[in-house]
>>> print(open('query.txt').read())   # compact mmCIF, C-alpha atoms
# COMPACT_ATOMS: atom_id res chain seq x y z
CA MET A 1 -1.01 39.07 -4.88
CA PRO A 2 -0.10 35.54 -3.67
CA ARG A 3 -2.16 32.61 -4.84
CA THR A 4 -4.00 30.54 -2.21
CA LEU A 5 -3.66 26.89 -1.34
CA LEU A 6 -6.48 26.00 1.05
CA ILE A 7 -6.44 22.85 3.17
CA LEU A 8 -9.64 21.74 4.87
CA GLY A 9 -8.83 19.74 7.99
CA ALA A 10 -5.84 19.83 10.35
CA GLY A 11 -5.84 16.16 11.25
CA THR A 12 -3.12 13.71 10.21
CA GLY A 13 -3.28 14.30 6.45
CA GLY A 14 -3.76 18.07 6.57
CA THR A 15 -1.02 18.60 9.15
CA MET A 16 1.54 16.50 7.27
CA LEU A 17 0.70 18.27 4.02
CA ALA A 18 1.01 21.74 5.54
CA ASN A 19 4.40 20.90 7.06
CA LYS A 20 5.64 19.41 3.79
CA LEU A 21 4.44 22.27 1.58
CA ALA A 22 5.85 24.88 3.96
CA HIS A 23 9.28 23.83 2.65
CA THR A 24 8.38 23.55 -1.03
CA LEU A 25 6.00 26.40 -1.88
CA ASP A 26 7.42 29.84 -2.70
CA HIS A 27 6.10 32.07 0.09
CA ASP A 28 6.27 35.14 -2.16
CA GLN A 29 3.87 33.50 -4.61
CA TRP A 30 1.69 31.39 -2.32
CA GLN A 31 -0.22 31.69 0.92
CA MET A 32 -1.32 28.55 2.69
CA ILE A 33 -4.50 28.50 4.80
CA ILE A 34 -5.79 25.57 6.84
CA VAL A 35 -9.28 25.43 8.34
CA ASP A 36 -10.42 23.19 11.18
CA GLN A 37 -13.19 23.50 13.71
CA GLU A 38 -11.41 21.92 16.70
CA PRO A 39 -8.27 23.28 18.41
CA GLU A 40 -7.09 19.86 19.65
CA HIS A 41 -5.27 17.27 17.57
CA TYR A 42 -5.94 13.68 18.62
CA TYR A 43 -3.63 10.73 18.18
CA GLN A 44 -6.49 8.52 17.07
CA PRO A 45 -4.67 5.15 17.25
CA GLY A 46 -4.39 5.87 20.97
CA PHE A 47 -8.16 5.76 21.44
CA LEU A 48 -7.89 1.95 21.32
CA PHE A 49 -5.71 1.89 24.44
CA ILE A 50 -7.66 4.32 26.63
CA PRO A 51 -10.47 1.88 27.60
CA PHE A 52 -7.90 -0.57 28.98
CA GLY A 53 -5.87 1.99 30.93
CA ILE A 54 -2.80 1.56 28.70
CA TYR A 55 -2.86 5.25 27.72
CA ARG A 56 -4.13 8.14 29.79
CA PRO A 57 -6.56 10.41 27.91
CA ASP A 58 -4.15 13.37 28.08
CA GLU A 59 -1.47 11.35 26.23
CA VAL A 60 -3.38 11.47 22.94
CA ILE A 61 -4.04 15.25 22.73
CA ARG A 62 -1.94 18.21 21.59
CA PRO A 63 -2.88 21.70 20.39
CA LYS A 64 -3.10 21.87 16.59
CA GLN A 65 -1.46 25.28 16.52
CA ARG A 66 1.78 23.82 17.90
CA LEU A 67 1.92 21.15 15.19
CA LEU A 68 1.73 23.50 12.20
CA PRO A 69 4.41 25.75 10.67
CA ALA A 70 4.28 29.45 11.51
CA SER A 71 3.90 30.34 7.84
CA VAL A 72 0.45 28.66 7.67
CA LYS A 73 -2.64 30.68 8.55
CA LEU A 74 -4.83 28.55 10.80
CA ILE A 75 -8.52 29.39 11.07
CA PHE A 76 -10.77 27.66 13.59
CA SER A 77 -14.27 27.49 12.20
CA GLU A 78 -16.92 25.07 11.06
CA ILE A 79 -17.15 24.93 7.27
CA ALA A 80 -20.57 25.98 6.03
CA LEU A 81 -20.16 25.13 2.34
CA ILE A 82 -17.57 24.29 -0.30
CA GLU A 83 -18.32 25.80 -3.72
CA PRO A 84 -15.77 24.18 -6.05
CA ASP A 85 -17.23 25.72 -9.22
CA GLN A 86 -16.66 29.18 -7.73
CA GLN A 87 -13.37 28.11 -6.11
CA ARG A 88 -14.36 29.32 -2.67
CA VAL A 89 -15.24 28.03 0.79
CA LYS A 90 -17.77 29.60 3.12
CA LEU A 91 -17.13 29.45 6.85
CA VAL A 92 -19.60 29.67 9.70
CA LYS A 93 -17.32 32.02 11.66
CA ASP A 94 -18.16 35.61 10.74
CA ASP A 95 -19.67 34.39 7.44
CA GLN A 96 -16.12 34.45 6.10
CA VAL A 97 -15.52 33.44 2.47
CA ILE A 98 -12.11 32.10 1.39
CA PRO A 99 -11.35 32.05 -2.33
CA TYR A 100 -8.70 29.55 -3.38
CA ASP A 101 -6.59 28.54 -6.35
CA TYR A 102 -6.06 24.98 -5.11
CA LEU A 103 -8.01 23.01 -2.54
CA VAL A 104 -6.91 19.95 -0.59
CA ILE A 105 -9.66 18.16 1.30
CA ALA A 106 -8.46 16.46 4.48
CA THR A 107 -11.72 16.40 6.41
CA GLY A 108 -11.36 12.74 7.42
CA SER A 109 -14.18 10.44 8.39
CA ARG A 110 -16.57 10.32 11.34
CA ILE A 111 -18.78 7.79 13.07
CA ALA A 112 -22.52 8.07 12.39
CA PRO A 113 -24.34 6.13 15.13
CA ASP A 114 -27.56 7.93 14.19
CA GLU A 115 -27.61 5.82 11.01
CA ILE A 116 -28.56 2.75 13.10
CA ASP A 117 -32.08 2.72 14.53
CA GLY A 118 -32.07 2.73 18.33
CA MET A 119 -28.34 3.12 18.79
CA LEU A 120 -28.56 6.62 20.27
CA GLY A 121 -31.34 5.65 22.67
CA ASP A 122 -31.24 5.14 26.42
CA GLY A 123 -28.30 2.74 26.24
CA TRP A 124 -25.85 5.16 24.59
CA TYR A 125 -22.86 5.64 26.90
CA GLN A 126 -24.65 3.48 29.48
CA ASN A 127 -24.05 -0.01 28.10
CA ILE A 128 -23.43 0.96 24.46
CA PHE A 129 -20.10 2.61 23.64
CA ASP A 130 -17.80 3.45 20.75
CA PHE A 131 -14.05 3.81 21.02
CA TYR A 132 -13.50 5.64 17.72
CA THR A 133 -14.00 9.02 19.39
CA TYR A 134 -12.24 10.60 22.35
CA PRO A 135 -15.44 10.92 24.45
CA GLY A 136 -16.41 7.35 23.60
CA ALA A 137 -13.03 5.89 24.56
CA VAL A 138 -12.97 7.81 27.86
CA ALA A 139 -16.54 6.81 28.76
CA LEU A 140 -15.81 3.16 27.89
CA ALA A 141 -12.74 3.20 30.14
CA GLU A 142 -14.94 4.19 33.08
CA ALA A 143 -17.51 1.53 32.23
CA LEU A 144 -14.94 -1.27 31.96
CA LYS A 145 -13.39 -0.44 35.35
CA ASN A 146 -16.55 -1.49 37.13
CA TRP A 147 -17.88 -4.14 34.78
CA LYS A 148 -18.25 -7.52 36.50
CA GLY A 149 -18.63 -9.65 33.39
CA GLY A 150 -21.26 -10.96 31.03
CA ARG A 151 -21.56 -10.91 27.27
CA LEU A 152 -19.39 -8.32 25.50
CA VAL A 153 -20.41 -7.84 21.88
CA ILE A 154 -18.12 -5.98 19.49
CA ASN A 155 -20.12 -5.11 16.37
CA ILE A 156 -19.01 -3.57 13.08
CA ALA A 157 -22.01 -1.96 11.41
CA GLU A 158 -20.67 -1.76 7.86
CA MET A 159 -17.55 -1.21 5.79
CA PRO A 160 -15.51 0.86 5.10
CA ILE A 161 -14.34 1.89 8.56
CA LYS A 162 -11.36 3.82 9.82
CA CYS A 163 -8.51 1.44 10.66
CA PRO A 164 -10.20 -1.88 9.78
CA VAL A 165 -8.10 -3.89 12.26
CA ALA A 166 -8.94 -1.73 15.29
CA PRO A 167 -12.08 -3.72 16.23
CA LEU A 168 -10.02 -6.92 16.17
CA GLU A 169 -7.39 -5.27 18.34
CA PHE A 170 -10.10 -4.25 20.77
CA ALA A 171 -11.25 -7.87 21.01
CA PHE A 172 -7.71 -9.12 21.61
CA LEU A 173 -7.01 -6.45 24.23
CA ALA A 174 -10.33 -7.16 25.96
CA ASP A 175 -9.33 -10.82 26.29
CA TRP A 176 -6.03 -9.78 27.91
CA TYR A 177 -7.63 -7.08 30.07
CA PHE A 178 -10.22 -9.40 31.58
CA ALA A 179 -7.60 -12.11 32.11
CA GLN A 180 -5.48 -9.62 34.05
CA ARG A 181 -8.50 -8.72 36.17
CA GLY A 182 -9.12 -12.42 36.84
CA ILE A 183 -12.62 -12.41 35.33
CA ARG A 184 -11.95 -13.76 31.82
CA ASP A 185 -14.04 -16.87 32.56
CA GLN A 186 -16.96 -14.58 33.45
CA VAL A 187 -16.80 -12.77 30.10
CA GLU A 188 -18.08 -14.05 26.76
CA ILE A 189 -16.59 -12.06 23.87
CA ILE A 190 -18.55 -11.94 20.61
CA TYR A 191 -17.12 -10.35 17.46
CA SER A 192 -19.84 -9.66 14.89
CA THR A 193 -19.03 -8.35 11.44
CA PRO A 194 -20.71 -7.85 8.07
CA LEU A 195 -17.74 -9.64 6.51
CA SER A 196 -17.67 -13.41 6.08
CA GLY A 197 -14.52 -13.60 8.21
CA ALA A 198 -12.22 -11.63 10.48
CA PHE A 199 -10.67 -9.42 7.78
CA THR A 200 -11.09 -8.43 4.15
CA LYS A 201 -7.92 -10.16 2.90
CA PRO A 202 -7.89 -14.01 2.91
CA ARG A 203 -4.43 -14.81 4.31
CA ALA A 204 -4.63 -12.16 7.02
CA SER A 205 -8.16 -13.30 7.80
CA ALA A 206 -6.95 -16.87 8.30
CA THR A 207 -4.22 -15.77 10.73
CA LEU A 208 -6.52 -13.45 12.66
CA SER A 209 -9.30 -16.06 12.78
CA ARG A 210 -6.88 -18.55 14.31
CA LEU A 211 -5.93 -16.03 16.99
CA LEU A 212 -9.59 -15.32 17.73
CA ASP A 213 -10.21 -19.04 18.17
CA GLU A 214 -7.21 -19.42 20.47
CA LYS A 215 -8.46 -16.56 22.63
CA ARG A 216 -12.01 -17.96 22.82
CA ILE A 217 -13.53 -15.04 20.92
CA THR A 218 -16.60 -16.09 18.95
CA VAL A 219 -16.95 -14.65 15.45
CA ILE A 220 -20.40 -14.11 13.94
CA GLY A 221 -19.93 -13.26 10.27
CA ASP A 222 -22.30 -11.90 7.64
CA PHE A 223 -24.16 -9.96 10.33
CA ASN A 224 -25.57 -6.73 8.90
CA ILE A 225 -27.01 -4.72 11.77
CA SER A 226 -30.34 -2.98 11.21
CA GLU A 227 -31.22 -1.80 14.71
CA VAL A 228 -30.46 -1.81 18.41
CA ASP A 229 -33.15 -2.82 20.88
CA ALA A 230 -31.73 -1.15 23.98
CA GLU A 231 -34.60 -2.27 26.21
CA ARG A 232 -34.09 -5.96 25.39
CA ARG A 233 -30.32 -5.50 24.98
CA VAL A 234 -30.08 -7.10 21.55
CA ILE A 235 -28.81 -6.04 18.16
CA ARG A 236 -30.81 -7.19 15.17
CA SER A 237 -29.74 -7.82 11.59
CA TYR A 238 -31.69 -7.19 8.40
CA ASP A 239 -32.48 -10.91 8.20
CA ASP A 240 -33.86 -10.84 11.79
CA GLN A 241 -30.92 -12.55 13.43
CA GLU A 242 -30.45 -11.30 17.01
CA ILE A 243 -27.34 -11.07 19.20
CA PRO A 244 -27.95 -10.37 22.90
CA TYR A 245 -25.43 -8.23 24.78
CA ASP A 246 -24.68 -7.02 28.27
CA LEU A 247 -22.11 -4.53 26.99
CA LEU A 248 -22.08 -3.42 23.36
CA VAL A 249 -18.98 -1.90 21.79
CA THR A 250 -20.07 -0.55 18.46
CA ILE A 251 -18.20 0.54 15.38
CA PRO A 252 -21.03 2.52 13.77
CA PRO A 253 -21.13 3.41 10.08
CA ASN A 254 -18.19 5.60 9.07
CA MET A 255 -18.98 8.52 6.80
CA GLY A 256 -17.22 11.53 5.35
CA ALA A 257 -17.72 15.03 6.72
CA GLU A 258 -21.25 16.40 6.52
CA VAL A 259 -20.02 19.47 4.62
CA ILE A 260 -18.97 17.19 1.76
CA GLY A 261 -22.57 16.05 1.41
CA ARG A 262 -23.96 19.59 1.75
CA SER A 263 -21.59 20.74 -0.97
CA GLY A 264 -22.55 17.99 -3.42
CA MET A 265 -18.97 16.72 -3.60
CA GLY A 266 -19.35 13.21 -2.18
CA ASP A 267 -20.75 9.76 -2.80
CA ASP A 268 -23.53 8.16 -0.75
CA LEU A 269 -21.24 8.08 2.30
CA ASN A 270 -19.94 11.63 1.77
CA PHE A 271 -16.51 10.44 0.58
CA VAL A 272 -15.03 12.46 -2.29
CA PRO A 273 -14.60 10.49 -5.55
CA VAL A 274 -10.95 10.71 -6.63
CA ASP A 275 -8.61 9.02 -9.03
CA LYS A 276 -7.19 6.26 -6.86
CA HIS A 277 -3.65 6.71 -8.23
CA THR A 278 -3.31 10.51 -8.59
CA LEU A 279 -5.65 11.48 -5.68
CA GLN A 280 -7.11 14.26 -7.81
CA SER A 281 -10.86 14.89 -7.68
CA LYS A 282 -12.69 13.27 -10.57
CA ARG A 283 -14.73 16.46 -11.13
CA TRP A 284 -12.51 19.42 -10.23
CA GLU A 285 -8.93 19.39 -11.45
CA ASN A 286 -7.68 21.87 -8.82
CA VAL A 287 -9.02 19.76 -5.94
CA PHE A 288 -7.01 16.95 -4.31
CA VAL A 289 -7.77 14.69 -1.35
CA ILE A 290 -5.53 13.22 1.34
CA GLY A 291 -6.41 10.75 4.08
CA ASP A 292 -9.81 9.31 4.92
CA ALA A 293 -11.90 11.90 3.06
CA GLY A 294 -11.56 10.21 -0.35
CA ASN A 295 -13.21 7.08 -1.71
CA VAL A 296 -10.00 5.22 -2.58
CA PRO A 297 -10.41 1.44 -2.05
CA THR A 298 -7.78 1.03 0.64
CA SER A 299 -7.66 1.24 4.43
CA LYS A 300 -8.64 4.47 6.10
CA ALA A 301 -5.63 4.77 8.37
CA GLY A 302 -2.84 7.15 9.31
CA SER A 303 -0.22 5.11 7.48
CA VAL A 304 -2.22 5.46 4.27
CA ALA A 305 -2.36 9.26 4.65
CA HIS A 306 1.41 9.20 5.10
CA PHE A 307 1.90 7.11 1.96
CA MET A 308 -0.45 9.45 0.06
CA LEU A 309 1.57 12.53 0.99
CA GLU A 310 4.26 12.21 -1.65
CA THR A 311 1.67 11.72 -4.41
CA VAL A 312 -0.41 14.74 -3.38
CA VAL A 313 2.62 17.03 -3.09
CA GLU A 314 4.06 15.92 -6.43
CA ASN A 315 0.75 16.24 -8.26
CA LEU A 316 0.01 19.66 -6.84
CA GLN A 317 3.39 20.79 -8.12
CA HIS A 318 2.84 19.09 -11.49
CA HIS A 319 -0.57 20.69 -11.95
CA ILE A 320 0.68 24.13 -10.96
CA SER A 321 3.46 23.76 -13.53
CA GLY A 322 1.10 22.49 -16.23
CA GLU A 323 2.70 19.05 -16.26
CA PRO A 324 0.96 15.63 -16.40
CA LEU A 325 0.05 14.12 -13.05
CA THR A 326 1.93 11.12 -11.68
CA PRO A 327 -0.28 8.08 -10.91
CA SER A 328 2.04 7.01 -8.10
CA PHE A 329 -0.24 6.07 -5.20
CA ASP A 330 -0.63 2.29 -5.16
CA GLY A 331 -2.93 1.88 -2.16
CA HIS A 332 -0.03 1.09 0.18
CA ALA A 333 -1.12 0.44 3.77
CA ASN A 334 0.52 -1.12 6.77
CA CYS A 335 -0.50 -1.55 10.35
CA PHE A 336 0.66 -3.10 13.57
CA VAL A 337 -2.10 -5.27 15.02
CA GLU A 338 -2.01 -5.42 18.82
CA THR A 339 -2.96 -8.94 19.94
CA GLY A 340 -2.63 -8.64 23.72
CA TYR A 341 -0.12 -10.05 26.21
CA GLN A 342 2.45 -7.55 24.86
CA LYS A 343 2.48 -9.11 21.42
CA GLY A 344 1.42 -7.94 17.99
CA LEU A 345 1.67 -8.70 14.33
CA LEU A 346 2.21 -6.52 11.26
CA ILE A 347 0.43 -6.38 7.92
CA ASP A 348 1.65 -4.62 4.77
CA PHE A 349 -0.35 -4.55 1.52
CA ASN A 350 -1.68 -2.42 -1.35
CA TYR A 351 -4.42 -2.38 -3.99
CA GLU A 352 -3.16 -5.52 -5.71
CA VAL A 353 -1.27 -7.55 -3.08
CA GLU A 354 -2.83 -8.91 0.11
CA PRO A 355 -0.88 -9.11 3.40
CA LEU A 356 1.83 -11.76 3.15
CA PRO A 357 4.23 -13.35 5.65
CA GLY A 358 7.88 -12.32 5.75
CA LYS A 359 10.04 -9.57 7.23
CA TYR A 360 9.67 -5.77 7.12
CA PRO A 361 11.13 -3.45 6.03
CA LEU A 362 14.31 -5.41 5.27
CA PRO A 363 14.42 -9.04 4.04
CA THR A 364 15.66 -11.59 6.60
CA VAL A 365 16.68 -8.82 9.04
CA GLY A 366 13.26 -7.21 9.45
CA PRO A 367 13.25 -6.31 12.32
CA PHE A 368 9.47 -6.70 12.18
CA SER A 369 7.67 -9.93 11.30
CA LEU A 370 4.70 -9.95 8.92
CA LEU A 371 1.61 -11.96 9.88
CA GLU A 372 3.42 -13.34 12.92
CA GLU A 373 2.84 -12.56 16.61
CA THR A 374 5.98 -11.12 18.21
CA LYS A 375 6.90 -8.88 21.15
CA LEU A 376 8.91 -6.68 18.78
CA ASN A 377 5.76 -5.93 16.76
CA HIS A 378 4.09 -4.87 20.02
CA LEU A 379 7.01 -2.56 20.76
CA GLY A 380 6.69 -1.15 17.25
CA LYS A 381 3.03 -0.41 17.89
CA MET A 382 3.72 1.28 21.21
CA GLY A 383 6.68 3.22 19.85
CA PHE A 384 4.67 4.57 16.95
CA ARG A 385 3.08 7.24 19.16
CA TRP A 386 6.46 8.99 19.51
CA VAL A 387 7.08 8.64 15.76
CA TYR A 388 3.64 10.11 15.04
CA TRP A 389 4.13 13.28 17.12
CA ASN A 390 7.81 13.85 16.34
CA VAL A 391 8.35 12.56 12.80
CA LEU A 392 5.18 11.73 10.89
CA LEU A 393 3.21 14.93 11.51
CA LYS A 394 6.29 17.04 10.81
CA ALA A 395 6.54 15.34 7.39
CA ILE A 396 10.12 14.26 8.10
CA ASP A 397 11.18 11.65 5.57
CA LEU A 398 11.33 8.11 6.89
CA PRO A 399 13.65 5.42 5.47
CA ILE A 400 10.57 3.58 4.19
CA SER A 401 9.27 4.01 0.66
CA SER A 402 5.72 5.22 0.10
CA GLN A 403 5.50 2.56 -2.59
CA PHE A 404 4.58 -0.99 -1.65
CA SER A 405 7.42 -3.47 -2.09
CA MET A 406 7.59 -7.26 -2.26
CA THR A 407 11.01 -7.13 -0.66
CA GLY A 408 11.14 -9.50 2.31
CA LYS A 409 7.75 -11.03 1.63
CA ILE A 410 6.96 -14.70 1.06
CA SER A 411 4.29 -15.12 -1.58
>>> encode(input="query.txt", output="structure tokens")
Amino acid sequence: MPRTLLILGAGTGGTMLANKLAHTLDHDQWQMIIVDQEPEHYYQPGFLFIPFGIYRPDEVIRPKQRLLPASVKLIFSEIALIEPDQQRVKLVKDDQVIPYDYLVIATGSRIAPDEIDGMLGDGWYQNIFDFYTYPGAVALAEALKNWKGGRLVINIAEMPIKCPVAPLEFAFLADWYFAQRGIRDQVEIIYSTPLSGAFTKPRASATLSRLLDEKRITVIGDFNISEVDAERRVIRSYDDQEIPYDLLVTIPPNMGAEVIGRSGMGDDLNFVPVDKHTLQSKRWENVFVIGDAGNVPTSKAGSVAHFMLETVVENLQHHISGEPLTPSFDGHANCFVETGYQKGLLIDFNYEVEPLPGKYPLPTVGPFSLLEETKLNHLGKMGFRWVYWNVLLKAIDLPISSQFSMTGKIS
């Protein structure tokens, strides 16, 4: 009887892994099952563009079934419980139980607005919106169409969050959007963050802070939100600082899947503790994690899931063969940062090295510039959607190493 590799989650990480393993696992010896509760796959970087009319909502959705290889059994169901000591997963659908030999957790992360007092009150989707979900981005698009101006507050509740630069991109795009509508002088943009500056890494933070200043976006740092007073339209911090708003765009706390908490597999935020270099669970040797579901200290972003892929595939194969694992994941992350006016910049970094200026991926030639606003970086950002659907999810090898490289960078 074939052994079972079970993948929980058919988002970016789970889909890439299934497509990659479909070509490497012996189908006579292995069956691959993937479980997800939603039939639609969302291109999540596209959520950023929906509120500003740059993408239509239908441009970020495709059926998950079409993105997976025919050899993979796809089950749509909510996961009731993971029982790693018994090597089985219980589903809500038909009380089904799936035993497994190896488990890969790719359940991602989710926003948890209920963690902030008052956020889900009368103002939710009235003058308080998120853009990290499909419904939130679509609702915000409708709200912005008719908004006449006032104080727009973009607030990050706490770190870590999925795609840490997305709130900054939203601020930059809002500046451009209101300028195009001819009402920029009627809009005050406030960017409030629990960090001391615009970003976690010093050199990138300096560049991004300069851009925020140039675009007349006010940064309020070290603001740790405790509650929303929807009646008075203010957000309040733990030290009783208040920020009034007319329109609040929130990035609520990001947490791992609820089933991780129910199953006793996560930390305080329901992220699975893993070895940050091998991506193996610290408690169960036949459990691996890809994408946002783990507690690795790097960005929660699609590029990171892509760079994790090689490590997870290799270490699954090593463990199956009884060989030592390879500690090859170095925290590599890169991201185009849309800055408005059809420009963008690019950052590339890992666990040890912060974003640096230079050229990427080739020295001198680039063609992309690091920590520098260019139109080509904007085109790279916009072109990535095609790459995502047609190359990345299919696990087709790109001519870019998963390992971080100092090539082309100026330290």
>>> residues_around(input="query.txt", residues="segment 240-257 of chain A", least_positions_apart="6", cutoff="7 Å", atoms="only C-alpha atoms", output="PyMOL selection string")
chain A and resi 107-113+115+127-130+150-158+160-161+233-234+269-271+293
>>> atom_distance(input="query.txt", atom1="atom CA of Phe329 of chain A", atom2="atom CA of Val313 of chain A")
11.5 Å
>>> atom_distance(input="query.txt", atom1="atom CA of Ala143 of chain A", atom2="atom CA of Gly182 of chain A")
16.9 Å
>>> atom_distance(input="query.txt", atom1="atom CA of Tyr177 of chain A", atom2="atom CA of Gly340 of chain A")
8.2 Å
>>> closest_residue(input="query.txt", among="A:Lys73, A:Arg181, A:Lys20, A:Lys148", to="Val312 of chain A", atoms="only C-alpha atoms")
A:Lys20
>>> closest_residue(input="query.txt", among="A:Ile7, A:Leu21, A:Ile33, A:Met406", to="Ile105 of chain A", atoms="all atoms listed in the file")
A:Ile7
>>> residues_around(input="query.txt", residues="Val165 of chain A", least_positions_apart="2", cutoff="8 Å", atoms="only C-alpha atoms", output="CSV table (one decimal) with C-alpha atoms, in the frame of the given file")
chain,number,residue,atom,x,y,z
A,163,CYS,CA,-8.5,1.4,10.7
A,167,PRO,CA,-12.1,-3.7,16.2
A,168,LEU,CA,-10.0,-6.9,16.2
A,169,GLU,CA,-7.4,-5.3,18.3
A,199,PHE,CA,-10.7,-9.4,7.8
A,337,VAL,CA,-2.1,-5.3,15.0
>>> residues_around(input="query.txt", residues="segment 223-230 of chain A", least_positions_apart="3", cutoff="6 Å", atoms="all atoms listed in the file", output="MDAnalysis selection string")
chainID A and resid 116:119 123 157 193:194 233:238
>>> closest_atom_pairs(input="query.txt", of="segment 29-78 of chain A", to="segment 380-385 of chain A", cutoff="12 Å", atoms="all atoms listed in the file", output="tab-separated table")
residue	atom	partner	partner_atom	distance
A:Tyr42	CA	A:Arg385	CA	11.1
A:Tyr43	CA	A:Arg385	CA	7.6
A:Gln44	CA	A:Arg385	CA	9.9
A:Pro45	CA	A:Arg385	CA	8.3
A:Gly46	CA	A:Arg385	CA	7.8
A:Phe47	CA	A:Arg385	CA	11.6
A:Leu48	CA	A:Met382	CA	11.6
A:Phe49	CA	A:Met382	CA	10.0
A:Ile54	CA	A:Met382	CA	9.9
A:Tyr55	CA	A:Met382	CA	10.1
A:Glu59	CA	A:Arg385	CA	9.4
A:Val60	CA	A:Arg385	CA	8.6
A:Ile61	CA	A:Arg385	CA	11.3
>>> residues_around(input="query.txt", residues="segment 369-375 of chain A", least_positions_apart="3", cutoff="8 Å", atoms="only C-alpha atoms", output="ChimeraX atom specification")
/A:204,207,339,342-348,355-360,366,378-379,409
>>> closest_residue(input="query.txt", among="A:Thr12, A:Val138, A:Leu91, A:Lys64", to="Val259 of chain A", atoms="all atoms listed in the file")
A:Leu91
>>> closest_residue(input="query.txt", among="A:Leu316, A:Met265, A:Ala179, A:Ile190", to="Glu83 of chain A", atoms="only C-alpha atoms")
A:Met265
